[in-house]
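With TSV, C-alpha atoms inside, this is run.tsv:
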```tsv
chain	number	residue	atom	x	y	z
A	1	MET	CA	1.30	-0.88	21.76
A	2	ASN	CA	0.62	1.22	18.68
A	3	VAL	CA	4.24	2.43	18.57
A	4	LEU	CA	5.56	-1.12	18.88
A	5	LEU	CA	3.29	-2.23	16.04
A	6	TRP	CA	4.50	0.63	13.85
A	7	VAL	CA	8.13	-0.29	14.54
A	8	CYS	CA	7.38	-3.92	13.66
A	9	GLN	CA	5.46	-2.87	10.55
A	10	ILE	CA	8.28	-0.66	9.29
A	11	ALA	CA	10.95	-3.29	9.98
A	12	LEU	CA	8.83	-5.99	8.36
A	13	ALA	CA	8.10	-3.79	5.35
A	14	LEU	CA	11.80	-3.04	4.85
A	15	LEU	CA	12.75	-6.71	5.18
A	16	SER	CA	9.93	-7.82	2.88
A	17	PHE	CA	10.64	-5.22	0.23
A	18	SER	CA	14.37	-5.92	0.18
A	19	GLY	CA	13.79	-9.69	0.22
A	20	GLY	CA	11.24	-9.42	-2.55
A	21	ALA	CA	13.56	-7.30	-4.67
A	22	TYR	CA	16.35	-9.83	-4.10
A	23	LYS	CA	14.10	-12.72	-5.17
A	24	LEU	CA	12.94	-10.80	-8.22
A	25	LEU	CA	16.20	-9.28	-9.43
A	26	MET	CA	19.00	-11.53	-8.15
A	27	PHE	CA	17.85	-15.01	-9.13
A	28	ASP	CA	21.36	-16.00	-10.25
A	29	GLU	CA	22.64	-15.52	-6.69
A	30	LEU	CA	19.54	-17.18	-5.26
A	31	ALA	CA	19.98	-20.22	-7.52
A	32	LYS	CA	23.33	-21.01	-5.88
A	33	MET	CA	21.58	-22.18	-2.70
A	34	PRO	CA	20.34	-25.79	-2.73
A	35	ALA	CA	17.17	-24.84	-0.84
A	36	THR	CA	15.95	-22.71	-3.74
A	37	ALA	CA	15.71	-25.63	-6.12
A	38	GLY	CA	12.11	-26.20	-5.03
A	39	LEU	CA	10.85	-23.31	-7.17
A	40	ALA	CA	11.65	-22.18	-10.69
A	41	ARG	CA	12.73	-18.66	-11.63
A	42	GLY	CA	9.13	-17.59	-12.27
A	43	GLY	CA	8.02	-18.87	-8.87
A	44	TRP	CA	10.71	-16.90	-7.05
A	45	GLY	CA	9.88	-13.85	-9.15
A	46	ALA	CA	6.19	-14.13	-8.25
A	47	LEU	CA	7.09	-14.46	-4.57
A	48	GLY	CA	9.30	-11.40	-4.89
A	49	VAL	CA	6.52	-9.29	-6.37
A	50	PHE	CA	4.10	-10.60	-3.74
A	51	GLU	CA	6.47	-9.62	-0.91
A	52	MET	CA	7.02	-6.17	-2.38
A	53	VAL	CA	3.27	-5.54	-2.72
A	54	CYS	CA	2.68	-6.74	0.85
A	55	ALA	CA	5.47	-4.46	2.08
A	56	VAL	CA	3.71	-1.46	0.55
A	57	LEU	CA	0.36	-2.58	1.97
A	58	LEU	CA	1.87	-2.84	5.45
A	59	ILE	CA	2.56	0.91	5.53
A	60	VAL	CA	0.45	2.90	3.07
A	61	PRO	CA	-3.14	1.98	4.09
A	62	ALA	CA	-2.46	2.41	7.80
A	63	ALA	CA	-0.52	5.65	7.37
A	64	ALA	CA	-3.02	7.20	4.95
A	65	ASN	CA	-6.02	5.86	6.89
A	66	TRP	CA	-7.36	4.55	3.58
A	67	MET	CA	-8.72	1.00	3.84
A	68	PRO	CA	-6.66	0.18	6.96
A	69	VAL	CA	-8.04	-3.37	6.90
A	70	LEU	CA	-5.44	-4.12	4.21
A	71	THR	CA	-2.59	-3.83	6.72
A	72	PRO	CA	-3.48	-6.89	8.87
A	73	LEU	CA	-4.40	-8.80	5.71
A	74	ALA	CA	-0.98	-8.09	4.19
A	75	ALA	CA	0.72	-9.09	7.44
A	76	ALA	CA	-1.29	-12.33	7.60
A	77	ALA	CA	-0.41	-13.08	3.97
A	78	LEU	CA	3.28	-12.55	4.75
A	79	ALA	CA	2.99	-14.83	7.79
A	80	LEU	CA	1.49	-17.60	5.65
A	81	GLU	CA	4.13	-17.10	2.96
A	82	SER	CA	6.84	-17.27	5.61
A	83	LEU	CA	5.36	-20.49	6.94
A	84	ALA	CA	5.47	-22.02	3.46
A	85	LEU	CA	9.05	-20.86	2.89
A	86	ALA	CA	10.07	-22.19	6.31
A	87	GLY	CA	8.80	-25.60	5.27
A	88	LEU	CA	10.79	-25.38	2.05
A	89	TYR	CA	13.99	-24.30	3.81
A	90	ALA	CA	13.57	-26.81	6.67
A	91	ARG	CA	13.82	-29.67	4.17
A	92	TYR	CA	17.44	-28.71	3.57
A	93	SER	CA	18.82	-27.45	6.87
A	94	LEU	CA	17.71	-27.01	10.47
A	95	GLU	CA	20.92	-25.32	11.66
A	96	LEU	CA	20.42	-22.22	13.78
A	97	THR	CA	22.98	-20.00	12.09
A	98	ALA	CA	22.71	-16.48	10.69
A	99	THR	CA	23.41	-17.76	7.18
A	100	ASN	CA	20.45	-20.16	7.20
A	101	PRO	CA	17.43	-18.54	5.51
A	102	LEU	CA	15.14	-20.61	7.75
A	103	VAL	CA	16.08	-18.45	10.74
A	104	TRP	CA	15.19	-15.23	8.91
A	105	VAL	CA	11.96	-16.60	7.48
A	106	VAL	CA	10.76	-17.79	10.90
A	107	MET	CA	11.64	-14.41	12.45
A	108	MET	CA	9.76	-12.55	9.72
A	109	GLY	CA	6.78	-14.89	10.04
A	110	LEU	CA	6.56	-14.26	13.78
A	111	MET	CA	6.79	-10.51	13.25
A	112	ALA	CA	4.11	-10.66	10.57
A	113	ALA	CA	1.83	-12.69	12.86
A	114	VAL	CA	2.29	-10.14	15.67
A	115	VAL	CA	1.45	-7.26	13.31
A	116	ALA	CA	-1.56	-9.08	11.87
A	117	TYR	CA	-2.95	-9.89	15.30
A	118	GLY	CA	-2.13	-6.49	16.79
A	119	ARG	CA	-3.62	-4.48	13.94
A	120	SER	CA	-6.77	-6.58	13.75
A	121	ALA	CA	-7.25	-6.52	17.54
A	122	LEU	CA	-6.62	-2.77	17.80
A	123	ARG	CA	-8.76	-1.88	14.78
A	124	GLN	CA	-11.73	0.15	15.83
A	125	PRO	CA	-15.10	-1.24	14.76
A	126	ALA	CA	-16.78	0.62	11.93
```

Could you rewrite the structure in this file as structure tokens?
Amino acid sequence: MNVLLWVCQIALALLSFSGGAYKLLMFDELAKMPATAGLARGGWGALGVFEMVCAVLLIVPAAANWMPVLTPLAAAALALESLALAGLYARYSLELTATNPLVWVVMMGLMAAVVAYGRSALRQPA
């Protein structure tokens, strides 16, 4: 189970970091989608920074064994953020295609929920 959680954590961290960097640095491309009209440039930038910080917190505390409680908290925060973004994207399209950001956000939210639950359930009591 620990290996599966690490694989999910690494995949989620890579997806979150790249998605956060895209939201932060490529707003002009992001603004071309109608679903992104719900937030201004600053809102997408703040979400991008948040995702990048959570991506780092998914890996570093657990790997360094320094405050490992931050890992399930970061995963839970990403799951909640994914839920909010899924609501935003669902207002515009419910198509199940690879180009719909709703599909990716739901997948990331489920992965984040699995990591949050797994890491909090497997955490040894202090």

Nearest to Ala84 of chain A among A:Leu39, A:Val114, A:Met52, A:Leu58, with distances taken over all atoms listed in the file: which residue is it? A:Leu39

Using all atoms listed in the file, which residue out of A:Leu70, A:Ala90, A:Cys8, A:Cys54 lies closest to Ser120 of chain A? A:Leu70

Nearest residue to Leu5 of chain A from the set A:Ala35, A:Leu80, A:Ala62, A:Leu24 (distances using all atoms listed in the file):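 Counting all atoms listed in the file, the residue closest to Leu5 of chain A is A:Ala62.
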
Of the residues A:Met1, A:Leu102, A:Ala63, A:Ala79, which is the one nearest to Ala116 of chain A, using all atoms listed in the file? A:Ala79

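Note that atom CA of Met33 of chain A and atom CA of Leu12 of chain A are 23.4 Å apart.
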
The residue from A:Met67, A:Leu25, A:Leu47, A:Leu73 with the smallest atom-to-atom distance to Val115 of chain A, counting only C-alpha atoms, is A:Leu73

Can you work out which one of A:Ala40, A:Ala113, A:Leu30, A:Val3 has the shortest atom-to-atom distance to Pro101 of chain A, counting all atoms listed in the file? A:Leu30

What box, with edges along x, y and z, holds each listed atom of segment 52-58 of chain A when 6 Å is added on every side, and can you state its centre and edge lengths in Å to one decimal, as AutoDock Vina command-line options?
```
--center_x 3.7 --center_y -4.1 --center_z 1.4 --size_x 18.7 --size_y 17.3 --size_z 20.2
```
